[in-house]
Each structure stands twice: as C-alpha cells, then as structure tokens.
Amino acid sequence: MLERISIELTNACQKGCSFCYNQSRPDGGTTWQVGSLVPFIQDCAANGIRAVSFGGGEPLQFAAIFDLLRDLNGKIFRSLTTNGLLLDEAMVDRLHAARPDKIHISIHFPQSSPEVERVQRQVHQLEAAGIRSGVNLLVARSNLQAASEAAARLRDSGIGNDRIVYLPMRGQDTPTPDEMGEVAGSKKFQSMSCLMGCASSPRFCSIGWDRSVAWCSYTRARQTLDELTYAGLLKAIDGLGLIYCGEENAERARSA
Ligand code: SF4
C-alpha cells in the first residue's frame with residue numbers, strides 16, 4: 001500500500017551537479033502545472049497517501065511552488081528538498097507563508113566548507129522561522145573523510161542524526177552500509193530504505209518531472225503516468241520492476 005510519493009517538479013537546477021540522477025540542468029524544464037497537480041495529490045491523499053515530497057531538479061525553481069504548498073496545506077504532509085541556493089531571507093518569508101511541513105537542504109559537496117556552513121546556517125534559519133528543517137548529506141565512497149567531518153560539524157551545531165538523512169551516492173562510488181554508519185558517528189541514522197540492498201518499498205514511489213513513475217528516483221525502470229489520479233498511479237506502477245541503478249557499472253566491472 002502506497003503511503004508516500006515524491007514528485008520531481010522540474011529538472012531545472014542551477015547547481016547542475018555532474019552526478020545528478022535526474023540529469024538536471026540550469027535550462028531544464030517541467031511538464032507540471034499546479035492546476036492539475038493539486039487535484040491529483042488530493043486524490044492520492046483521499047486514497048490513503050499520507051505524505052508528498054517535492055524535489056527536482058530544484059523545487060524552488062518551480063515558479064508555482066508556493067501556490068502548490070498553500071493549496072495542499074492541511075490536506076497531506078508536504079515536504080521539499082532544496083539545494084538552498086535560492087534560500088535567502090525573502091524566500092524563507094515566502095515559504096513561511098506557504099507553511100510547508102518540512103524542508104531539507106542538500107549538501108552535495110561535503111568537502112566544500114562554504115557549502116556546509118551555508119546549509120548549516122540555513123537549516124537554523126528555517127528552524128528560527130518555525131519551519132521543521134534538516135539536511136540531506138550525500139556520502140560518496142571516495143569522500144568519506146569529508147562527509148564524516150561535515151556530519152560532525154552539523155551534529156555539533158545542534159542538527160542531530162534525527163534531522164540528517166545520510167544518502168549514499170548511487171550508480172557508482174557507493175559507500176558500504178558500514179561506511180555510512182561510520183560517517184553517521186556510529187549512532188542510529190536515517191538513510192534510504194535500499195541501503196542494505198536494491199529493493200523497492202511497497203510504501204513509496206517516485207514520479208518524475210516528465211510524468212514517469214518508478215519505485216525509486218534512481219532506477220531506469222519507468223512507466224508514463226497517463227492519468228493524473230490515484231488509480232492512474234496504481235496502473236502505471238503495476239507490474240513495474242526495478243533496474244538496479246548500479247547495474248551499468250557492475251556490468252562494466254564484470255566485463256573488464
Ligand atoms: S535502483 Fe535499487 S539500489 Fe538504486 S536507488 Fe533504486 S532501490 Fe536503491
């Protein structure tokens with residue numbers, strides 16, 4: 001039974017990380033409009049889905065994000081994940097008015113002190129504005145020391161593991177679960193449900209900026225969402241498998 005959905009609002013993102021699973025880029029676009037998204041998400045909520053998370057691309061580059069959050073206020077738990085680049089004081093005020101239930105800010109480059117400092121400051125700024133906030137910390141195997149140091153800095157500043165999601169790099173450069181645990185300070189931590197091995201969760205599915213549906217955001221096994229209803233979502237996901245996101249690299253290693 002689906003309980004949570006994520007919706008990539010756009011594949012526009014001014015950060016344009018080379019490893020982005022969504023191949024987001026500064027001049028990216030979207031196929032979504034608020035007028036059709038709101039009734040779709042309301043129908044999902046009416047059928048038992050309890051939470052929607054908005055991502056991208058960069059959800060703050062989706063011009064109608066504030067209308068979307070406002071129109072769904074009180075109808076479903078609404079969170080978003082942002083790179084934080086547009087999160088200045090005016091943006092915090094606008095978000096506060098739209099009342100999201102939670103905002104997470106991503107650290108993609110833990111070796112970058114300016115990025116870690118900025119995200120740390122912004123998380124506390126959101127907290128001061130009364131918005132639940134946290135960090136998505138990307139952990140690459142080649143960068144464990146920097147990730148450990150960034151995580152320790154966050155925890156020392158009062159952002160504990162209950163507010164940090166430790167995300168393993170996918171596709172390649174993937175850390176082991178033990179390495180993830182060390183980065184998290186050898187304490188209880190939150191990560192992806194597939195940390196221990198590739199598998200879908202029956203409680204979650206991902207909907208792309210191009211309206212393709214999948215069991216996770218990273219797999220190439222996707223099917224188009226033709227009908228914007230909960231029933232249409234179930235139809236699109238029915239029988240859909242999962243192609244392991246590291247398969248291309250595993251194949252390359254096998255044939256080397
Ligand atoms: S394809 Fe598998 S391992 Fe990769 S993100 Fe999806 S569920 Fe996790």
# chains A, B, ... in the order shown; residues from 1 in each chain; ligands from 1
>>> closest_atom_pairs(of="chain A", to="ligand 1", cutoff="8 Å", atoms="only C-alpha atoms and all ligand atoms", output="CSV")
residue,atom,partner,partner_atom_place_in_ligand_line,distance
A:Arg170,CA,ligand 1,4 (Fe),6.2
A:Gly171,CA,ligand 1,4 (Fe),7.1
A:Met192,CA,ligand 1,8 (Fe),7.3
A:Ser193,CA,ligand 1,8 (Fe),7.4
A:Cys194,CA,ligand 1,8 (Fe),4.7
A:Leu195,CA,ligand 1,8 (Fe),6.9
A:Gly197,CA,ligand 1,3 (S),6.1
A:Cys198,CA,ligand 1,2 (Fe),3.6
A:Ala199,CA,ligand 1,7 (S),4.7
A:Ser200,CA,ligand 1,7 (S),5.1
A:Ser201,CA,ligand 1,7 (S),7.9
A:Trp215,CA,ligand 1,6 (Fe),7.0
A:Cys216,CA,ligand 1,6 (Fe),4.8
A:Ser217,CA,ligand 1,6 (Fe),6.5
A:Tyr218,CA,ligand 1,5 (S),4.8
A:Thr219,CA,ligand 1,1 (S),4.4
A:Arg220,CA,ligand 1,1 (S),7.7
A:Leu242,CA,ligand 1,1 (S),6.1
A:Ile243,CA,ligand 1,1 (S),5.6
A:Tyr244,CA,ligand 1,1 (S),3.8
A:Cys245,CA,ligand 1,1 (S),4.1
A:Gly246,CA,ligand 1,4 (Fe),6.5
>>> residues_around(residues="A:Ala152", least_positions_apart="4", cutoff="10 Å", atoms="only C-alpha atoms", output="list in words")
Ala146, Ala147, Ser148, Asp156, Ser157, Ile159, Gly160, Asn161, Val183, Ala184 and Gly185 of chain A
>>> select_by_dssp(residues="stretch 7-241 of chain A", states="strand (DSSP E or B)", output="PDB file with N, CA, C and O atoms, in the first residue's frame")
ATOM      1  N   ILE A   7       7.506  13.774  -5.858  1.00  0.00           N
ATOM      2  CA  ILE A   7       7.240  14.338  -7.182  1.00  0.00           C
ATOM      3  C   ILE A   7       8.372  15.299  -7.533  1.00  0.00           C
ATOM      4  O   ILE A   7       8.648  16.249  -6.796  1.00  0.00           O
ATOM      5  N   GLU A   8       9.039  14.998  -8.635  1.00  0.00           N
ATOM      6  CA  GLU A   8      10.081  15.904  -9.129  1.00  0.00           C
ATOM      7  C   GLU A   8       9.373  16.994  -9.931  1.00  0.00           C
ATOM      8  O   GLU A   8       8.793  16.722 -10.979  1.00  0.00           O
ATOM      9  N   ALA A  12      14.941  21.543 -13.847  1.00  0.00           N
ATOM     10  CA  ALA A  12      15.779  22.744 -13.849  1.00  0.00           C
ATOM     11  C   ALA A  12      16.498  22.836 -12.509  1.00  0.00           C
ATOM     12  O   ALA A  12      15.889  22.627 -11.460  1.00  0.00           O
ATOM     13  N   ARG A  25      19.569  20.404 -15.082  1.00  0.00           N
ATOM     14  CA  ARG A  25      20.491  21.402 -15.646  1.00  0.00           C
ATOM     15  C   ARG A  25      19.847  22.782 -15.536  1.00  0.00           C
ATOM     16  O   ARG A  25      18.610  22.887 -15.388  1.00  0.00           O
ATOM     17  N   ALA A  51       1.881  11.393   2.635  1.00  0.00           N
ATOM     18  CA  ALA A  51       2.931  12.408   2.510  1.00  0.00           C
ATOM     19  C   ALA A  51       3.397  12.533   1.072  1.00  0.00           C
ATOM     20  O   ALA A  51       3.472  11.546   0.339  1.00  0.00           O
ATOM     21  N   VAL A  52       3.678  13.768   0.686  1.00  0.00           N
ATOM     22  CA  VAL A  52       4.274  14.016  -0.626  1.00  0.00           C
ATOM     23  C   VAL A  52       5.537  14.840  -0.409  1.00  0.00           C
ATOM     24  O   VAL A  52       5.545  15.786   0.382  1.00  0.00           O
ATOM     25  N   SER A  53       6.616  14.442  -1.081  1.00  0.00           N
ATOM     26  CA  SER A  53       7.840  15.249  -1.013  1.00  0.00           C
ATOM     27  C   SER A  53       8.121  15.797  -2.399  1.00  0.00           C
ATOM     28  O   SER A  53       8.011  15.084  -3.405  1.00  0.00           O
ATOM     29  N   PHE A  54       8.437  17.081  -2.436  1.00  0.00           N
ATOM     30  CA  PHE A  54       8.710  17.732  -3.712  1.00  0.00           C
ATOM     31  C   PHE A  54      10.216  17.885  -3.877  1.00  0.00           C
ATOM     32  O   PHE A  54      10.914  18.375  -2.987  1.00  0.00           O
ATOM     33  N   GLY A  55      10.689  17.448  -5.053  1.00  0.00           N
ATOM     34  CA  GLY A  55      12.108  17.585  -5.357  1.00  0.00           C
ATOM     35  C   GLY A  55      12.264  17.995  -6.800  1.00  0.00           C
ATOM     36  O   GLY A  55      11.366  18.558  -7.419  1.00  0.00           O
ATOM     37  N   PHE A  77       0.806  15.702   4.274  1.00  0.00           N
ATOM     38  CA  PHE A  77       2.113  16.177   4.761  1.00  0.00           C
ATOM     39  C   PHE A  77       2.957  16.570   3.546  1.00  0.00           C
ATOM     40  O   PHE A  77       3.153  15.775   2.634  1.00  0.00           O
ATOM     41  N   ARG A  78       3.446  17.821   3.516  1.00  0.00           N
ATOM     42  CA  ARG A  78       4.183  18.336   2.345  1.00  0.00           C
ATOM     43  C   ARG A  78       5.609  18.706   2.758  1.00  0.00           C
ATOM     44  O   ARG A  78       5.804  19.549   3.632  1.00  0.00           O
ATOM     45  N   SER A  79       6.578  18.064   2.127  1.00  0.00           N
ATOM     46  CA  SER A  79       7.972  18.426   2.400  1.00  0.00           C
ATOM     47  C   SER A  79       8.662  18.721   1.079  1.00  0.00           C
ATOM     48  O   SER A  79       8.150  18.375   0.006  1.00  0.00           O
ATOM     49  N   LEU A  80       9.792  19.394   1.167  1.00  0.00           N
ATOM     50  CA  LEU A  80      10.574  19.592  -0.050  1.00  0.00           C
ATOM     51  C   LEU A  80      12.058  19.516   0.269  1.00  0.00           C
ATOM     52  O   LEU A  80      12.480  19.767   1.398  1.00  0.00           O
ATOM     53  N   THR A  81      12.816  19.170  -0.763  1.00  0.00           N
ATOM     54  CA  THR A  81      14.275  19.105  -0.649  1.00  0.00           C
ATOM     55  C   THR A  81      14.859  20.101  -1.629  1.00  0.00           C
ATOM     56  O   THR A  81      14.564  20.055  -2.822  1.00  0.00           O
ATOM     57  N   THR A  82      15.680  21.000  -1.109  1.00  0.00           N
ATOM     58  CA  THR A  82      16.229  22.067  -1.937  1.00  0.00           C
ATOM     59  C   THR A  82      17.750  22.072  -1.845  1.00  0.00           C
ATOM     60  O   THR A  82      18.323  21.623  -0.849  1.00  0.00           O
ATOM     61  N   LYS A 102       7.894  20.448   6.234  1.00  0.00           N
ATOM     62  CA  LYS A 102       9.316  20.172   6.490  1.00  0.00           C
ATOM     63  C   LYS A 102      10.143  20.541   5.258  1.00  0.00           C
ATOM     64  O   LYS A 102       9.675  20.347   4.131  1.00  0.00           O
ATOM     65  N   ILE A 103      11.342  21.056   5.488  1.00  0.00           N
ATOM     66  CA  ILE A 103      12.262  21.348   4.382  1.00  0.00           C
ATOM     67  C   ILE A 103      13.623  20.741   4.706  1.00  0.00           C
ATOM     68  O   ILE A 103      14.155  20.942   5.806  1.00  0.00           O
ATOM     69  N   HIS A 104      14.174  20.000   3.761  1.00  0.00           N
ATOM     70  CA  HIS A 104      15.541  19.507   3.899  1.00  0.00           C
ATOM     71  C   HIS A 104      16.430  20.196   2.874  1.00  0.00           C
ATOM     72  O   HIS A 104      16.014  20.435   1.738  1.00  0.00           O
ATOM     73  N   ILE A 105      17.635  20.541   3.290  1.00  0.00           N
ATOM     74  CA  ILE A 105      18.588  21.188   2.393  1.00  0.00           C
ATOM     75  C   ILE A 105      19.727  20.205   2.124  1.00  0.00           C
ATOM     76  O   ILE A 105      20.213  19.544   3.052  1.00  0.00           O
ATOM     77  N   SER A 106      20.112  20.104   0.860  1.00  0.00           N
ATOM     78  CA  SER A 106      21.119  19.107   0.478  1.00  0.00           C
ATOM     79  C   SER A 106      22.528  19.645   0.577  1.00  0.00           C
ATOM     80  O   SER A 106      22.803  20.786   0.191  1.00  0.00           O
ATOM     81  N   ILE A 107      23.431  18.775   1.056  1.00  0.00           N
ATOM     82  CA  ILE A 107      24.870  19.015   0.927  1.00  0.00           C
ATOM     83  C   ILE A 107      25.374  17.977  -0.073  1.00  0.00           C
ATOM     84  O   ILE A 107      25.374  16.781   0.206  1.00  0.00           O
ATOM     85  N   SER A 133      13.176  21.575   9.815  1.00  0.00           N
ATOM     86  CA  SER A 133      14.225  21.566   8.795  1.00  0.00           C
ATOM     87  C   SER A 133      15.265  20.494   9.097  1.00  0.00           C
ATOM     88  O   SER A 133      15.407  20.036  10.237  1.00  0.00           O
ATOM     89  N   GLY A 134      15.994  20.107   8.055  1.00  0.00           N
ATOM     90  CA  GLY A 134      17.051  19.119   8.213  1.00  0.00           C
ATOM     91  C   GLY A 134      17.969  19.130   7.004  1.00  0.00           C
ATOM     92  O   GLY A 134      17.863  19.998   6.129  1.00  0.00           O
ATOM     93  N   VAL A 135      18.857  18.148   6.962  1.00  0.00           N
ATOM     94  CA  VAL A 135      19.892  18.094   5.919  1.00  0.00           C
ATOM     95  C   VAL A 135      19.846  16.740   5.221  1.00  0.00           C
ATOM     96  O   VAL A 135      19.665  15.707   5.868  1.00  0.00           O
ATOM     97  N   ASN A 136      20.011  16.744   3.900  1.00  0.00           N
ATOM     98  CA  ASN A 136      20.300  15.525   3.153  1.00  0.00           C
ATOM     99  C   ASN A 136      21.783  15.557   2.824  1.00  0.00           C
ATOM    100  O   ASN A 136      22.224  16.427   2.048  1.00  0.00           O
ATOM    101  N   LEU A 137      22.551  14.681   3.420  1.00  0.00           N
ATOM    102  CA  LEU A 137      24.005  14.689   3.232  1.00  0.00           C
ATOM    103  C   LEU A 137      24.404  13.570   2.276  1.00  0.00           C
ATOM    104  O   LEU A 137      24.201  12.392   2.564  1.00  0.00           O
ATOM    105  N   LEU A 138      24.931  13.950   1.125  1.00  0.00           N
ATOM    106  CA  LEU A 138      25.354  12.959   0.137  1.00  0.00           C
ATOM    107  C   LEU A 138      26.716  12.387   0.533  1.00  0.00           C
ATOM    108  O   LEU A 138      27.665  13.135   0.783  1.00  0.00           O
ATOM    109  N   VAL A 139      26.788  11.058   0.590  1.00  0.00           N
ATOM    110  CA  VAL A 139      28.025  10.388   1.019  1.00  0.00           C
ATOM    111  C   VAL A 139      28.559   9.543  -0.140  1.00  0.00           C
ATOM    112  O   VAL A 139      27.917   8.592  -0.572  1.00  0.00           O
ATOM    113  N   ILE A 164      19.215  14.526  10.032  1.00  0.00           N
ATOM    114  CA  ILE A 164      20.116  14.344   8.888  1.00  0.00           C
ATOM    115  C   ILE A 164      19.743  13.039   8.190  1.00  0.00           C
ATOM    116  O   ILE A 164      19.627  12.001   8.833  1.00  0.00           O
ATOM    117  N   VAL A 165      19.536  13.111   6.864  1.00  0.00           N
ATOM    118  CA  VAL A 165      19.376  11.884   6.083  1.00  0.00           C
ATOM    119  C   VAL A 165      20.700  11.646   5.363  1.00  0.00           C
ATOM    120  O   VAL A 165      21.165  12.502   4.605  1.00  0.00           O
ATOM    121  N   TYR A 166      21.312  10.501   5.659  1.00  0.00           N
ATOM    122  CA  TYR A 166      22.600  10.158   5.057  1.00  0.00           C
ATOM    123  C   TYR A 166      22.328   9.409   3.753  1.00  0.00           C
ATOM    124  O   TYR A 166      21.878   8.258   3.774  1.00  0.00           O
ATOM    125  N   LEU A 167      22.570  10.080   2.625  1.00  0.00           N
ATOM    126  CA  LEU A 167      22.232   9.493   1.322  1.00  0.00           C
ATOM    127  C   LEU A 167      23.479   8.925   0.646  1.00  0.00           C
ATOM    128  O   LEU A 167      24.419   9.675   0.358  1.00  0.00           O
ATOM    129  N   PRO A 168      23.496   7.628   0.374  1.00  0.00           N
ATOM    130  CA  PRO A 168      24.665   7.071  -0.322  1.00  0.00           C
ATOM    131  C   PRO A 168      24.664   7.509  -1.781  1.00  0.00           C
ATOM    132  O   PRO A 168      23.602   7.565  -2.406  1.00  0.00           O
ATOM    133  N   GLN A 190      19.374   7.848   9.702  1.00  0.00           N
ATOM    134  CA  GLN A 190      18.367   7.656   8.661  1.00  0.00           C
ATOM    135  C   GLN A 190      19.052   7.617   7.303  1.00  0.00           C
ATOM    136  O   GLN A 190      19.961   8.397   7.045  1.00  0.00           O
ATOM    137  N   PHE A 204       6.303   3.310  -1.133  1.00  0.00           N
ATOM    138  CA  PHE A 204       6.835   4.536  -1.733  1.00  0.00           C
ATOM    139  C   PHE A 204       6.957   4.409  -3.244  1.00  0.00           C
ATOM    140  O   PHE A 204       7.341   3.359  -3.756  1.00  0.00           O
ATOM    141  N   CYS A 205       6.640   5.483  -3.971  1.00  0.00           N
ATOM    142  CA  CYS A 205       7.022   5.544  -5.380  1.00  0.00           C
ATOM    143  C   CYS A 205       7.372   6.978  -5.762  1.00  0.00           C
ATOM    144  O   CYS A 205       7.051   7.936  -5.046  1.00  0.00           O
ATOM    145  N   SER A 206       8.065   7.083  -6.871  1.00  0.00           N
ATOM    146  CA  SER A 206       8.611   8.370  -7.320  1.00  0.00           C
ATOM    147  C   SER A 206       7.993   8.742  -8.665  1.00  0.00           C
ATOM    148  O   SER A 206       7.818   7.894  -9.537  1.00  0.00           O
ATOM    149  N   ILE A 207       7.658  10.017  -8.805  1.00  0.00           N
ATOM    150  CA  ILE A 207       7.058  10.497 -10.057  1.00  0.00           C
ATOM    151  C   ILE A 207       7.969  11.583 -10.615  1.00  0.00           C
ATOM    152  O   ILE A 207       8.272  12.569  -9.934  1.00  0.00           O
ATOM    153  N   SER A 212       6.959  10.315 -15.497  1.00  0.00           N
ATOM    154  CA  SER A 212       7.217   8.880 -15.483  1.00  0.00           C
ATOM    155  C   SER A 212       7.225   8.427 -14.026  1.00  0.00           C
ATOM    156  O   SER A 212       7.644   9.169 -13.132  1.00  0.00           O
ATOM    157  N   VAL A 213       6.742   7.199 -13.825  1.00  0.00           N
ATOM    158  CA  VAL A 213       6.589   6.659 -12.475  1.00  0.00           C
ATOM    159  C   VAL A 213       7.597   5.528 -12.279  1.00  0.00           C
ATOM    160  O   VAL A 213       7.879   4.776 -13.215  1.00  0.00           O
ATOM    161  N   ALA A 214       8.145   5.411 -11.073  1.00  0.00           N
ATOM    162  CA  ALA A 214       9.111   4.340 -10.781  1.00  0.00           C
ATOM    163  C   ALA A 214       9.061   4.035  -9.291  1.00  0.00           C
ATOM    164  O   ALA A 214       8.540   4.824  -8.493  1.00  0.00           O
ATOM    165  N   GLN A 223       7.546   4.048 -16.109  1.00  0.00           N
ATOM    166  CA  GLN A 223       6.364   3.971 -16.964  1.00  0.00           C
ATOM    167  C   GLN A 223       5.616   5.305 -16.894  1.00  0.00           C
ATOM    168  O   GLN A 223       5.531   5.901 -15.825  1.00  0.00           O
ATOM    169  N   THR A 224       5.063   5.722 -18.011  1.00  0.00           N
ATOM    170  CA  THR A 224       4.408   7.038 -18.041  1.00  0.00           C
ATOM    171  C   THR A 224       3.088   7.026 -17.279  1.00  0.00           C
ATOM    172  O   THR A 224       2.307   6.079 -17.374  1.00  0.00           O
TER     173      THR A 224
END
>>> closest_residue(among="A:Gln122, A:Asn47, A:Ser24, A:Gln61", to="A:Lys75", atoms="only C-alpha atoms")
A:Asn47
>>> residues_around(residues="A:Ile131", least_positions_apart="6", cutoff="9 Å", atoms="only C-alpha atoms", output="list in words")
Leu95, His96, Arg99, Pro100, Asp101, Lys102, Ile103 and Gln125 of chain A
>>> atom_distance(atom1="atom CA of A:Cys44", atom2="atom CA of A:Phe62")
21.1 Å
>>> select_by_dssp(residues="stretch 88-144 of chain A", states="helix (DSSP H, G or I)", output="PyMOL selection string")
chain A and resi 89-98+113-128+141-144
>>> write_last_selection(atoms="N, CA, C and O atoms", output="short mmCIF file (atom, residue, chain, number, x, y, z; two decimals), in the first residue's frame")
data_model
loop_
_atom_site.label_atom_id
_atom_site.label_comp_id
_atom_site.auth_asym_id
_atom_site.auth_seq_id
_atom_site.Cartn_x
_atom_site.Cartn_y
_atom_site.Cartn_z
N GLU A 89 16.61 35.43 2.74
CA GLU A 89 15.60 35.81 3.74
C GLU A 89 14.20 35.96 3.16
O GLU A 89 13.20 35.54 3.74
N ALA A 90 14.15 36.58 1.95
CA ALA A 90 12.84 36.78 1.31
C ALA A 90 12.19 35.44 0.99
O ALA A 90 10.97 35.26 1.16
N MET A 91 13.02 34.49 0.56
CA MET A 91 12.49 33.15 0.23
C MET A 91 11.99 32.45 1.50
O MET A 91 10.95 31.79 1.49
N VAL A 92 12.72 32.61 2.59
CA VAL A 92 12.27 32.00 3.86
C VAL A 92 10.92 32.59 4.25
O VAL A 92 10.01 31.86 4.68
N ASP A 93 10.75 33.90 4.07
CA ASP A 93 9.46 34.54 4.41
C ASP A 93 8.34 33.97 3.55
O ASP A 93 7.24 33.68 4.03
N ARG A 94 8.61 33.81 2.26
CA ARG A 94 7.57 33.29 1.36
C ARG A 94 7.23 31.84 1.72
O ARG A 94 6.06 31.43 1.71
N LEU A 95 8.25 31.09 2.07
CA LEU A 95 8.00 29.69 2.46
C LEU A 95 7.20 29.63 3.76
O LEU A 95 6.28 28.83 3.90
N HIS A 96 7.58 30.49 4.68
CA HIS A 96 6.87 30.51 5.96
C HIS A 96 5.37 30.75 5.73
O HIS A 96 4.52 30.09 6.33
N ALA A 97 5.06 31.65 4.79
CA ALA A 97 3.65 31.95 4.49
C ALA A 97 2.95 30.76 3.85
O ALA A 97 1.74 30.57 4.01
N ALA A 98 3.70 29.94 3.12
CA ALA A 98 3.09 28.78 2.43
C ALA A 98 3.03 27.54 3.33
O ALA A 98 2.44 26.53 2.97
N SER A 113 33.72 23.69 2.48
CA SER A 113 33.36 24.37 3.74
C SER A 113 32.28 25.42 3.54
O SER A 113 31.33 25.49 4.34
N PRO A 114 32.36 26.26 2.48
CA PRO A 114 31.30 27.24 2.29
C PRO A 114 29.91 26.60 2.14
O PRO A 114 28.92 27.11 2.66
N GLU A 115 29.85 25.46 1.44
CA GLU A 115 28.55 24.80 1.27
C GLU A 115 28.04 24.26 2.61
O GLU A 115 26.86 24.43 2.96
N VAL A 116 28.91 23.62 3.37
CA VAL A 116 28.49 23.06 4.66
C VAL A 116 28.05 24.18 5.60
O VAL A 116 27.00 24.09 6.25
N GLU A 117 28.84 25.27 5.64
CA GLU A 117 28.48 26.42 6.51
C GLU A 117 27.15 27.03 6.11
O GLU A 117 26.31 27.37 6.94
N ARG A 118 26.97 27.20 4.78
CA ARG A 118 25.72 27.81 4.30
C ARG A 118 24.51 26.96 4.69
O ARG A 118 23.52 27.46 5.23
N VAL A 119 24.61 25.66 4.43
CA VAL A 119 23.46 24.79 4.71
C VAL A 119 23.17 24.77 6.22
O VAL A 119 22.00 24.86 6.64
N GLN A 120 24.24 24.69 7.01
CA GLN A 120 24.06 24.70 8.47
C GLN A 120 23.31 25.97 8.91
O GLN A 120 22.35 25.90 9.67
N ARG A 121 23.75 27.10 8.37
CA ARG A 121 23.12 28.39 8.72
C ARG A 121 21.65 28.39 8.26
O ARG A 121 20.75 28.80 9.00
N GLN A 122 21.39 27.92 7.05
CA GLN A 122 20.03 27.96 6.51
C GLN A 122 19.08 27.04 7.29
O GLN A 122 17.91 27.38 7.50
N VAL A 123 19.60 25.90 7.71
CA VAL A 123 18.75 24.98 8.48
C VAL A 123 18.33 25.65 9.79
O VAL A 123 17.15 25.58 10.20
N HIS A 124 19.26 26.33 10.44
CA HIS A 124 18.92 27.03 11.68
C HIS A 124 17.99 28.22 11.42
O HIS A 124 17.10 28.52 12.22
N GLN A 125 18.18 28.85 10.26
CA GLN A 125 17.33 29.99 9.88
C GLN A 125 15.87 29.52 9.68
O GLN A 125 14.92 30.16 10.15
N LEU A 126 15.71 28.39 9.02
CA LEU A 126 14.36 27.84 8.83
C LEU A 126 13.74 27.49 10.18
O LEU A 126 12.56 27.77 10.44
N GLU A 127 14.55 26.88 11.02
CA GLU A 127 14.09 26.49 12.36
C GLU A 127 13.60 27.73 13.12
O GLU A 127 12.52 27.72 13.73
N ALA A 128 14.38 28.82 13.02
CA ALA A 128 14.01 30.05 13.72
C ALA A 128 12.71 30.63 13.16
O ALA A 128 11.97 31.32 13.87
N ARG A 141 31.80 7.17 -1.63
CA ARG A 141 32.85 6.32 -1.06
C ARG A 141 34.21 7.00 -1.13
O ARG A 141 35.05 6.84 -0.25
N SER A 142 34.42 7.78 -2.20
CA SER A 142 35.72 8.44 -2.38
C SER A 142 35.88 9.66 -1.47
O SER A 142 36.92 10.29 -1.47
N ASN A 143 34.85 9.95 -0.70
CA ASN A 143 34.85 11.21 0.05
C ASN A 143 34.39 11.01 1.50
O ASN A 143 33.74 11.90 2.07
N LEU A 144 34.73 9.85 2.08
CA LEU A 144 34.18 9.52 3.40
C LEU A 144 34.68 10.45 4.50
O LEU A 144 33.92 10.84 5.39
#
>>> closest_atom_pairs(of="stretch 68-182 of chain A", to="stretch 14-21 of chain A", cutoff="10 Å", atoms="only C-alpha atoms", output="tab-separated table")
residue	atom	partner	partner_atom	distance
A:Asn83	CA	A:Lys15	CA	7.7
A:Gly84	CA	A:Lys15	CA	9.9
A:Leu85	CA	A:Lys15	CA	8.0
A:Leu86	CA	A:Gln14	CA	9.5
A:His108	CA	A:Cys17	CA	8.1
A:Phe109	CA	A:Cys17	CA	9.6
A:Met169	CA	A:Phe19	CA	8.7
A:Arg170	CA	A:Tyr21	CA	8.1
A:Gly171	CA	A:Tyr21	CA	8.4
A:Gln172	CA	A:Phe19	CA	9.3
>>> residues_around(residues="A:Pro177", least_positions_apart="2", cutoff="7 Å", atoms="only C-alpha atoms", output="mmCIF file with N, CA and C atoms, in the first residue's frame")
data_model
loop_
_atom_site.group_PDB
_atom_site.id
_atom_site.type_symbol
_atom_site.label_atom_id
_atom_site.label_comp_id
_atom_site.auth_asym_id
_atom_site.auth_seq_id
_atom_site.Cartn_x
_atom_site.Cartn_y
_atom_site.Cartn_z
ATOM 1 N N PRO A 175 29.143 4.022 -1.074
ATOM 2 C CA PRO A 175 29.732 3.506 0.173
ATOM 3 C C PRO A 175 28.994 2.262 0.672
ATOM 4 N N GLU A 179 30.357 1.817 6.147
ATOM 5 C CA GLU A 179 30.995 3.132 5.952
ATOM 6 C C GLU A 179 29.999 4.248 6.235
ATOM 7 N N MET A 180 28.753 4.038 5.824
ATOM 8 C CA MET A 180 27.704 5.038 6.105
ATOM 9 C C MET A 180 27.545 5.211 7.621
ATOM 10 N N GLY A 181 27.564 4.077 8.331
ATOM 11 C CA GLY A 181 27.414 4.118 9.787
ATOM 12 C C GLY A 181 28.531 4.911 10.445
ATOM 13 N N LEU A 195 19.389 0.851 1.486
ATOM 14 C CA LEU A 195 20.808 0.932 1.862
ATOM 15 C C LEU A 195 21.465 -0.450 1.888
ATOM 16 N N MET A 196 20.751 -1.466 2.391
ATOM 17 C CA MET A 196 21.342 -2.802 2.554
ATOM 18 C C MET A 196 21.282 -3.625 1.263
#
>>> atom_distance(atom1="atom CA of A:Asp67", atom2="atom CA of A:Asp162")
29.1 Å
>>> closest_residue(among="A:Gly158, A:Arg211, A:Glu182, A:Thr31", to="A:Asp226", atoms="only C-alpha atoms")
A:Arg211
>>> atom_distance(atom1="atom CA of A:Ala151", atom2="atom CA of A:Gln111")
11.0 Å
